[in-house]
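Beneath this line is the structure, given in structure tokens, with notes to follow.
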Amino acid sequence: MTKTIHIIGAGLAGSEAAWQAANMGVQVVLHEMRPHVETPAHETDQCAELVCSNSFRSDDADHNAVGLIHQEMRTLNSIIMQEGDKAAVPAGGALAVDRDIFSAGVTKALTDHPLITIEHGEITAIPDDWDNVIIATGPLTSDAMAKTIADLTGEKELAFFDAIAPIVHAESINMDIAWFQSRYDKAEGAGTGKDYINCPMTKAQYETFIHELTNAEYGLFKEWELPSGAPTLEEREIDTPYFDGCMPIEIMAARGPETLRFGPMKPVGLTNPHKPDNEQPYAVVQLRQDNALGTLFNIVGFQTKMKWGEQTRVFKMIPGLENAEFARLGGLHRNTFINSPKVLDENLRLKSRPHIRFAGQITGCEGYIESASIGLIAGRMAARDALGASFKKPPLTTALGALLNHVTGGANAETFQPMNVNFGLFPVPENPYQIMPNGKRKKLRGKDRKKCYTDRARIDLAHWIRNNRQEEEAA
Ligand SMILES: Cc1cc2nc3c(=O)[nH]c(=O)nc-3n(C[C@H](O)[C@H](O)[C@H](O)COP(=O)(O)OP(=O)(O)OC[C@H]3O[C@@H](n4cnc5c(N)ncnc54)[C@H](O)[C@@H]3O)c2cc1C
């Protein structure tokens, strides 16, 4: 293997990957198509341009998984965090940045680095003599590159839109109302016959729910998100092959009050154990396990463009979800991403072509910081390959390790959709209890519980760094 890493895309992930790899002593060529070829959202030729909000979200490393990943990235000398901190503007507990100062800072740091060369121009195919490649072309990957990726992964494994159903923390579901059961108790594949969480509705509850669903506030697609020839912005029902199988729930509901009851909310093959008199639900909302840990469940068929505040309001009307905590809310956006749990190995390499790695949003993480963090890991992995050394992944109990695990296998490949970092991706701490003065154990909740996750993460990250350093010194 040669020592040069070719990174395609100088966005959040590509920039971070280049910085990390170069700092490990490896030569990097960073390829960026802007300004020669534009995306519909970028406006400059700078590295790590923020295409929308200027916020990196919560900076609370004690109680928030995003704040924790900030801290982990700072510990690992992240260029995105370094320049983000320098460009910070007042934003309460969040880290928000002056976007121009931020991108200019990243661009300068990369340009000044003796081991990084930035080449402008669209990459449409992977040349045969590139043997260590990171594809970090993001949610707006150019058409030609998307075609190349589809050829590499298989067309079915590349999506052009996300269609996200809300994801709920399992422990926030009220199991005094809901119950585990698969339709007709079918135990297929890895199933046990009790694979879904079912939330029952009476006729009155269903009718109120449909009314609220169809009268809620919705976001609109941006013009450039619509394929050419699609209807106007105001007509949200888009008749296009991009949306096969991911029709928004509100569009289905608007087709008629009974449509959902004959679709994702059909009440057949289910028996409510909380109703011993065999009372049948009028409709049922099902939730399916979303990660191998069993900490997250997605609401089946509930992809939506409802505004976020509205989603919380309307979905909490579902019996059993009245106290639901959402790991992520639903959405539909233009977004190019691969089915990472299926096509990538645990080192972010394409199983069929291990010299090609993926990083950033295209791997199915979601958000500036998440994209940069997968870039950070990919850059370090690629550098270790170039140096002929193996890479030890960060532990699953850290934010970096939990997100990496999610996109490379922790998530269910069948239902894989982009995901932010959140505590639902971490294993539940072994001892989330507090000993009370009377000697009894009290289950920790809220902030105290989150602190258990972040304290553990800090200890485990420090161990990981120490072990890696010892290995590098011994090599
Ligand atoms: C419209 C929009 C708004 C978003 N808003 C937010 C937000 O507010 N907050 C948030 O946290 N996340 C947001 N995201 C999600 C996501 O976090 C960002 O898109 C983030 O920039 C992803 O980082 P990335 O490095 O994976 O991709 P990008 O930052 O997009 O970087 C990819 C780079 O690859 C380049 N490229 C593409 N194809 C080629 C090619 N063939 N050859 C060479 N270069 C190529 C692009 O020009 C780009 O510079 C948004 C996404 C979109 C699409």
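If you're wondering about the labels, chains in the structure tokens are A, B, ... by order shown, residues count from 1 in each chain, ligands from 1 in order shown.
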
Cut-off 6 Å: closest chain A/ligand 1 atom pairs per residue, using only C-alpha atoms and all ligand atoms, as JSON lines:
{"residue": "A:Ile8", "atom": "CA", "partner": "ligand 1", "partner_atom_place_in_ligand_line": "43 (C)", "distance": 5.2}
{"residue": "A:Gly9", "atom": "CA", "partner": "ligand 1", "partner_atom_place_in_ligand_line": "34 (O)", "distance": 3.2}
{"residue": "A:Ala10", "atom": "CA", "partner": "ligand 1", "partner_atom_place_in_ligand_line": "49 (O)", "distance": 4.8}
{"residue": "A:Gly11", "atom": "CA", "partner": "ligand 1", "partner_atom_place_in_ligand_line": "31 (O)", "distance": 3.1}
{"residue": "A:Leu12", "atom": "CA", "partner": "ligand 1", "partner_atom_place_in_ligand_line": "25 (O)", "distance": 3.7}
{"residue": "A:Ala13", "atom": "CA", "partner": "ligand 1", "partner_atom_place_in_ligand_line": "25 (O)", "distance": 3.7}
{"residue": "A:Gly14", "atom": "CA", "partner": "ligand 1", "partner_atom_place_in_ligand_line": "25 (O)", "distance": 5.6}
{"residue": "A:His31", "atom": "CA", "partner": "ligand 1", "partner_atom_place_in_ligand_line": "43 (C)", "distance": 5.4}
{"residue": "A:Glu32", "atom": "CA", "partner": "ligand 1", "partner_atom_place_in_ligand_line": "44 (N)", "distance": 3.9}
{"residue": "A:Met33", "atom": "CA", "partner": "ligand 1", "partner_atom_place_in_ligand_line": "43 (C)", "distance": 3.9}
{"residue": "A:Arg34", "atom": "CA", "partner": "ligand 1", "partner_atom_place_in_ligand_line": "47 (O)", "distance": 5.2}
{"residue": "A:Thr39", "atom": "CA", "partner": "ligand 1", "partner_atom_place_in_ligand_line": "47 (O)", "distance": 5.9}
{"residue": "A:Ala41", "atom": "CA", "partner": "ligand 1", "partner_atom_place_in_ligand_line": "1 (C)", "distance": 5.5}
{"residue": "A:Ala48", "atom": "CA", "partner": "ligand 1", "partner_atom_place_in_ligand_line": "29 (O)", "distance": 5.7}
{"residue": "A:Leu50", "atom": "CA", "partner": "ligand 1", "partner_atom_place_in_ligand_line": "21 (O)", "distance": 5.9}
{"residue": "A:Val51", "atom": "CA", "partner": "ligand 1", "partner_atom_place_in_ligand_line": "3 (C)", "distance": 5.4}
{"residue": "A:Cys52", "atom": "CA", "partner": "ligand 1", "partner_atom_place_in_ligand_line": "8 (O)", "distance": 4.3}
{"residue": "A:Ser53", "atom": "CA", "partner": "ligand 1", "partner_atom_place_in_ligand_line": "8 (O)", "distance": 3.7}
{"residue": "A:Glu122", "atom": "CA", "partner": "ligand 1", "partner_atom_place_in_ligand_line": "42 (N)", "distance": 3.8}
{"residue": "A:Ile123", "atom": "CA", "partner": "ligand 1", "partner_atom_place_in_ligand_line": "42 (N)", "distance": 4.0}
{"residue": "A:Thr124", "atom": "CA", "partner": "ligand 1", "partner_atom_place_in_ligand_line": "41 (N)", "distance": 5.3}
{"residue": "A:Ala136", "atom": "CA", "partner": "ligand 1", "partner_atom_place_in_ligand_line": "26 (O)", "distance": 5.6}
{"residue": "A:Thr137", "atom": "CA", "partner": "ligand 1", "partner_atom_place_in_ligand_line": "34 (O)", "distance": 3.5}
{"residue": "A:Gly138", "atom": "CA", "partner": "ligand 1", "partner_atom_place_in_ligand_line": "27 (O)", "distance": 3.3}
{"residue": "A:Pro139", "atom": "CA", "partner": "ligand 1", "partner_atom_place_in_ligand_line": "53 (C)", "distance": 5.3}
{"residue": "A:Leu140", "atom": "CA", "partner": "ligand 1", "partner_atom_place_in_ligand_line": "30 (O)", "distance": 5.9}
{"residue": "A:Thr141", "atom": "CA", "partner": "ligand 1", "partner_atom_place_in_ligand_line": "38 (N)", "distance": 3.9}
{"residue": "A:Ser142", "atom": "CA", "partner": "ligand 1", "partner_atom_place_in_ligand_line": "38 (N)", "distance": 4.2}
{"residue": "A:Met145", "atom": "CA", "partner": "ligand 1", "partner_atom_place_in_ligand_line": "41 (N)", "distance": 4.6}
{"residue": "A:Gly360", "atom": "CA", "partner": "ligand 1", "partner_atom_place_in_ligand_line": "26 (O)", "distance": 3.5}
{"residue": "A:Gln361", "atom": "CA", "partner": "ligand 1", "partner_atom_place_in_ligand_line": "26 (O)", "distance": 3.7}
{"residue": "A:Ile362", "atom": "CA", "partner": "ligand 1", "partner_atom_place_in_ligand_line": "26 (O)", "distance": 5.7}
{"residue": "A:Glu366", "atom": "CA", "partner": "ligand 1", "partner_atom_place_in_ligand_line": "17 (O)", "distance": 5.3}
{"residue": "A:Gly367", "atom": "CA", "partner": "ligand 1", "partner_atom_place_in_ligand_line": "17 (O)", "distance": 3.1}
{"residue": "A:Tyr368", "atom": "CA", "partner": "ligand 1", "partner_atom_place_in_ligand_line": "17 (O)", "distance": 3.6}
{"residue": "A:Ser371", "atom": "CA", "partner": "ligand 1", "partner_atom_place_in_ligand_line": "23 (O)", "distance": 4.9}

Deliver the residues from the most recent selection as a file, using C-alpha atoms, as a tab-separated table (two decimals), in the first residue's frame.
chain	number	residue	atom	x	y	z
A	8	ILE	CA	-12.96	12.80	-1.90
A	9	GLY	CA	-14.97	15.73	-0.52
A	10	ALA	CA	-13.61	18.55	1.67
A	11	GLY	CA	-16.73	18.89	3.78
A	12	LEU	CA	-16.99	18.35	7.53
A	13	ALA	CA	-15.93	14.70	7.32
A	14	GLY	CA	-13.30	14.92	4.57
A	31	HIS	CA	-10.26	16.40	-3.61
A	32	GLU	CA	-13.06	18.97	-3.63
A	33	MET	CA	-15.26	19.66	-6.64
A	34	ARG	CA	-16.31	23.18	-5.58
A	39	THR	CA	-23.98	21.52	-4.97
A	41	ALA	CA	-26.71	24.05	-0.97
A	48	ALA	CA	-16.10	22.41	5.84
A	50	LEU	CA	-21.87	24.78	6.96
A	51	VAL	CA	-24.76	24.57	4.51
A	52	CYS	CA	-27.56	25.56	6.87
A	53	SER	CA	-27.59	26.29	10.61
A	122	GLU	CA	-15.00	16.63	-9.45
A	123	ILE	CA	-14.04	13.00	-8.98
A	124	THR	CA	-16.34	10.81	-11.02
A	136	ALA	CA	-16.75	11.74	2.02
A	137	THR	CA	-18.93	13.35	-0.63
A	138	GLY	CA	-21.84	13.96	1.72
A	139	PRO	CA	-25.61	14.17	1.35
A	140	LEU	CA	-25.28	16.10	-1.93
A	141	THR	CA	-22.79	13.80	-3.65
A	142	SER	CA	-22.45	14.72	-7.34
A	145	MET	CA	-19.99	10.04	-8.12
A	360	GLY	CA	-19.45	11.50	6.97
A	361	GLN	CA	-23.12	11.76	6.32
A	362	ILE	CA	-22.96	9.33	3.40
A	366	GLU	CA	-26.63	12.72	10.58
A	367	GLY	CA	-25.38	16.20	11.46
A	368	TYR	CA	-22.27	18.36	11.15
A	371	SER	CA	-20.21	13.63	10.07

Mind listing the strand (DSSP E) residues of stretch 261-310 of chain A, per DSSP on the backbone, as a PyMOL selection string? chain A and resi 283-289+296-299

Pull C-alpha atoms from the residues just selected and write them as a PDB file, in the first residue's frame.
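In the end it all went to again-v6.pdb:
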ATOM      1  CA  ALA A 283     -56.006   0.231  15.374  1.00  0.00           C
ATOM      2  CA  VAL A 284     -52.439  -0.531  16.455  1.00  0.00           C
ATOM      3  CA  VAL A 285     -49.211   1.427  16.163  1.00  0.00           C
ATOM      4  CA  GLN A 286     -46.210  -0.894  15.992  1.00  0.00           C
ATOM      5  CA  LEU A 287     -42.633  -0.162  16.978  1.00  0.00           C
ATOM      6  CA  ARG A 288     -39.749  -2.226  15.700  1.00  0.00           C
ATOM      7  CA  GLN A 289     -36.354  -2.707  17.338  1.00  0.00           C
ATOM      8  CA  LEU A 296     -34.218   2.078  20.465  1.00  0.00           C
ATOM      9  CA  PHE A 297     -37.463   1.334  18.614  1.00  0.00           C
ATOM     10  CA  ASN A 298     -38.766   3.023  15.443  1.00  0.00           C
ATOM     11  CA  ILE A 299     -42.461   3.653  14.811  1.00  0.00           C
TER      12      ILE A 299
END

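Nearest residue to A:Thr363 among A:Phe337, A:Phe302, A:Phe423, A:Trp308 is A:Phe337, counting only C-alpha atoms.
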
A:Trp464 environment, 10 Å, only C-alpha atoms, sequence neighbours closer than 6 positions dropped, as a PDB file with N, CA and C atoms, in the first residue's frame:
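Wrote result-v1.pdb, looks like this:
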ATOM      1  N   LYS A 392      -7.394   0.079  16.590  1.00  0.00           N
ATOM      2  CA  LYS A 392      -8.327  -0.375  17.641  1.00  0.00           C
ATOM      3  C   LYS A 392      -9.459   0.626  17.704  1.00  0.00           C
ATOM      4  N   LYS A 393     -10.683   0.144  17.586  1.00  0.00           N
ATOM      5  CA  LYS A 393     -11.823   1.073  17.573  1.00  0.00           C
ATOM      6  C   LYS A 393     -12.078   1.636  18.968  1.00  0.00           C
ATOM      7  N   PRO A 394     -12.621   2.865  19.035  1.00  0.00           N
ATOM      8  CA  PRO A 394     -12.990   3.383  20.357  1.00  0.00           C
ATOM      9  C   PRO A 394     -14.101   2.530  20.962  1.00  0.00           C
ATOM     10  N   PRO A 395     -14.112   2.373  22.280  1.00  0.00           N
ATOM     11  CA  PRO A 395     -15.104   1.489  22.902  1.00  0.00           C
ATOM     12  C   PRO A 395     -16.539   1.959  22.644  1.00  0.00           C
ATOM     13  N   THR A 398     -18.155   4.906  24.453  1.00  0.00           N
ATOM     14  CA  THR A 398     -17.852   6.316  24.150  1.00  0.00           C
ATOM     15  C   THR A 398     -18.802   6.778  23.048  1.00  0.00           C
ATOM     16  N   ARG A 458     -15.926   8.932  29.562  1.00  0.00           N
ATOM     17  CA  ARG A 458     -14.646   9.625  29.765  1.00  0.00           C
ATOM     18  C   ARG A 458     -13.562   8.651  30.235  1.00  0.00           C
ATOM     19  N   GLN A 470       0.402   3.239  23.926  1.00  0.00           N
ATOM     20  CA  GLN A 470       1.392   2.203  24.268  1.00  0.00           C
ATOM     21  C   GLN A 470       1.701   1.330  23.053  1.00  0.00           C
TER      22      GLN A 470
END

For each of A:Pro429, A:Gly409, A:Gly121, A:Gly331, take the minimum atom-to-atom distance to A:Glu250, counting only C-alpha atoms, then give the residue where this is smallest.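 Checking each candidate against A:Glu250, we get A:Gly331 as the closest.
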
Separation of atom CA of A:Gly25 from atom CA of A:Arg469, in Å and rounded to one decimal: 15.0 Å

Sel. of helix (DSSP H, G or I) residues, stretch 84-323 of chain A, as a ChimeraX atom specification: /A:84-86,99-112,143-153,155-157,170-172,183-185,203-214,223-225,241-243,249-254,260-262,308-315

With C-alpha atoms retained, could you export that selection as a PDB file, in the first residue's frame?
ATOM      1  CA  GLY A  84     -15.334  25.751  15.915  1.00  0.00           C
ATOM      2  CA  ASP A  85     -14.130  26.859  19.360  1.00  0.00           C
ATOM      3  CA  LYS A  86     -12.135  29.717  17.822  1.00  0.00           C
ATOM      4  CA  ARG A  99     -19.610  30.195   9.695  1.00  0.00           C
ATOM      5  CA  ASP A 100     -17.170  32.274   7.622  1.00  0.00           C
ATOM      6  CA  ILE A 101     -14.501  32.419  10.322  1.00  0.00           C
ATOM      7  CA  PHE A 102     -14.995  28.713  10.956  1.00  0.00           C
ATOM      8  CA  SER A 103     -14.647  27.530   7.340  1.00  0.00           C
ATOM      9  CA  ALA A 104     -11.780  29.951   6.656  1.00  0.00           C
ATOM     10  CA  GLY A 105      -9.994  28.587   9.750  1.00  0.00           C
ATOM     11  CA  VAL A 106     -10.387  24.966   8.632  1.00  0.00           C
ATOM     12  CA  THR A 107      -9.328  25.815   5.068  1.00  0.00           C
ATOM     13  CA  LYS A 108      -6.197  27.643   6.272  1.00  0.00           C
ATOM     14  CA  ALA A 109      -5.176  24.862   8.664  1.00  0.00           C
ATOM     15  CA  LEU A 110      -5.498  22.252   5.912  1.00  0.00           C
ATOM     16  CA  THR A 111      -3.812  24.395   3.256  1.00  0.00           C
ATOM     17  CA  ASP A 112      -0.885  25.153   5.584  1.00  0.00           C
ATOM     18  CA  ASP A 143     -24.520  12.648  -9.762  1.00  0.00           C
ATOM     19  CA  ALA A 144     -21.511  11.065 -11.451  1.00  0.00           C
ATOM     20  CA  MET A 145     -19.989  10.038  -8.119  1.00  0.00           C
ATOM     21  CA  ALA A 146     -23.359   8.712  -6.938  1.00  0.00           C
ATOM     22  CA  LYS A 147     -23.447   6.510 -10.021  1.00  0.00           C
ATOM     23  CA  THR A 148     -19.949   5.203  -9.221  1.00  0.00           C
ATOM     24  CA  ILE A 149     -20.971   4.500  -5.628  1.00  0.00           C
ATOM     25  CA  ALA A 150     -24.121   2.699  -6.797  1.00  0.00           C
ATOM     26  CA  ASP A 151     -21.924   0.524  -9.034  1.00  0.00           C
ATOM     27  CA  LEU A 152     -19.649  -0.232  -6.071  1.00  0.00           C
ATOM     28  CA  THR A 153     -22.341  -0.958  -3.492  1.00  0.00           C
ATOM     29  CA  GLU A 155     -27.942   0.218  -6.625  1.00  0.00           C
ATOM     30  CA  LYS A 156     -30.326  -0.937  -3.919  1.00  0.00           C
ATOM     31  CA  GLU A 157     -27.855   0.010  -1.188  1.00  0.00           C
ATOM     32  CA  ALA A 170     -37.406   1.847  24.643  1.00  0.00           C
ATOM     33  CA  GLU A 171     -37.368   2.597  28.348  1.00  0.00           C
ATOM     34  CA  SER A 172     -39.741   5.559  27.871  1.00  0.00           C
ATOM     35  CA  ARG A 183     -48.459 -10.310  14.120  1.00  0.00           C
ATOM     36  CA  TYR A 184     -49.866 -13.849  14.395  1.00  0.00           C
ATOM     37  CA  ASP A 185     -46.926 -14.551  16.770  1.00  0.00           C
ATOM     38  CA  LYS A 203     -62.065   3.970  17.679  1.00  0.00           C
ATOM     39  CA  ALA A 204     -62.309   7.365  19.382  1.00  0.00           C
ATOM     40  CA  GLN A 205     -58.549   7.548  19.929  1.00  0.00           C
ATOM     41  CA  TYR A 206     -57.906   6.596  16.288  1.00  0.00           C
ATOM     42  CA  GLU A 207     -60.284   9.219  14.927  1.00  0.00           C
ATOM     43  CA  THR A 208     -58.797  11.965  17.094  1.00  0.00           C
ATOM     44  CA  PHE A 209     -55.305  10.868  16.069  1.00  0.00           C
ATOM     45  CA  ILE A 210     -56.135  10.965  12.342  1.00  0.00           C
ATOM     46  CA  HIS A 211     -57.694  14.404  12.765  1.00  0.00           C
ATOM     47  CA  GLU A 212     -54.597  15.768  14.509  1.00  0.00           C
ATOM     48  CA  LEU A 213     -52.267  14.088  12.020  1.00  0.00           C
ATOM     49  CA  THR A 214     -53.969  15.558   8.986  1.00  0.00           C
ATOM     50  CA  GLU A 223     -37.251  23.204  -4.757  1.00  0.00           C
ATOM     51  CA  TRP A 224     -33.897  21.531  -5.424  1.00  0.00           C
ATOM     52  CA  GLU A 225     -34.902  18.484  -3.388  1.00  0.00           C
ATOM     53  CA  PRO A 241     -39.757   6.448  -7.693  1.00  0.00           C
ATOM     54  CA  TYR A 242     -37.555   8.059  -4.985  1.00  0.00           C
ATOM     55  CA  PHE A 243     -40.429   7.685  -2.587  1.00  0.00           C
ATOM     56  CA  ILE A 249     -47.785   8.938   7.109  1.00  0.00           C
ATOM     57  CA  GLU A 250     -49.749  12.186   6.720  1.00  0.00           C
ATOM     58  CA  ILE A 251     -50.090  11.654   2.969  1.00  0.00           C
ATOM     59  CA  MET A 252     -51.504   8.191   3.604  1.00  0.00           C
ATOM     60  CA  ALA A 253     -53.878   9.562   6.255  1.00  0.00           C
ATOM     61  CA  ALA A 254     -55.086  12.291   3.895  1.00  0.00           C
ATOM     62  CA  LEU A 260     -53.862   3.760   7.971  1.00  0.00           C
ATOM     63  CA  ARG A 261     -56.114   1.172   9.607  1.00  0.00           C
ATOM     64  CA  PHE A 262     -55.652  -0.945   6.490  1.00  0.00           C
ATOM     65  CA  TRP A 308     -40.753  18.640  15.037  1.00  0.00           C
ATOM     66  CA  GLY A 309     -42.869  20.250  17.755  1.00  0.00           C
ATOM     67  CA  GLU A 310     -45.959  18.843  16.098  1.00  0.00           C
ATOM     68  CA  GLN A 311     -44.478  15.344  15.954  1.00  0.00           C
ATOM     69  CA  THR A 312     -43.881  15.334  19.695  1.00  0.00           C
ATOM     70  CA  ARG A 313     -47.413  16.570  20.319  1.00  0.00           C
ATOM     71  CA  VAL A 314     -49.181  14.218  17.910  1.00  0.00           C
ATOM     72  CA  PHE A 315     -47.133  11.065  18.523  1.00  0.00           C
TER      73      PHE A 315
END

For A:Val66, the nearest of the candidates A:Pro40, A:Pro418, A:Gly446, A:Gly93, counting only C-alpha atoms: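 Smallest distance to A:Val66 is found for A:Gly93.
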
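Using only C-alpha atoms, the smallest distance between any of A:Asp195, A:Asp176, A:Glu325, A:Glu38 and A:Asp290 comes from A:Asp195.
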
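Between atom CA of A:Ala372 and atom CA of A:Asn132 there is a distance of 19.0 Å.
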
Pairwise distance for atom CA of A:Glu370 and atom CA of A:Asn420, rounded to one decimal in Å: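 Atom CA of A:Glu370 sits 6.7 Å away from atom CA of A:Asn420.
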
Counting only C-alpha atoms, the residue of A:Gly67, A:Gly294, A:Pro341, A:Gly263 that sits nearest A:His406: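 Of A:Gly67, A:Gly294, A:Pro341, A:Gly263, the one nearest A:His406 is A:Pro341, counting only C-alpha atoms.
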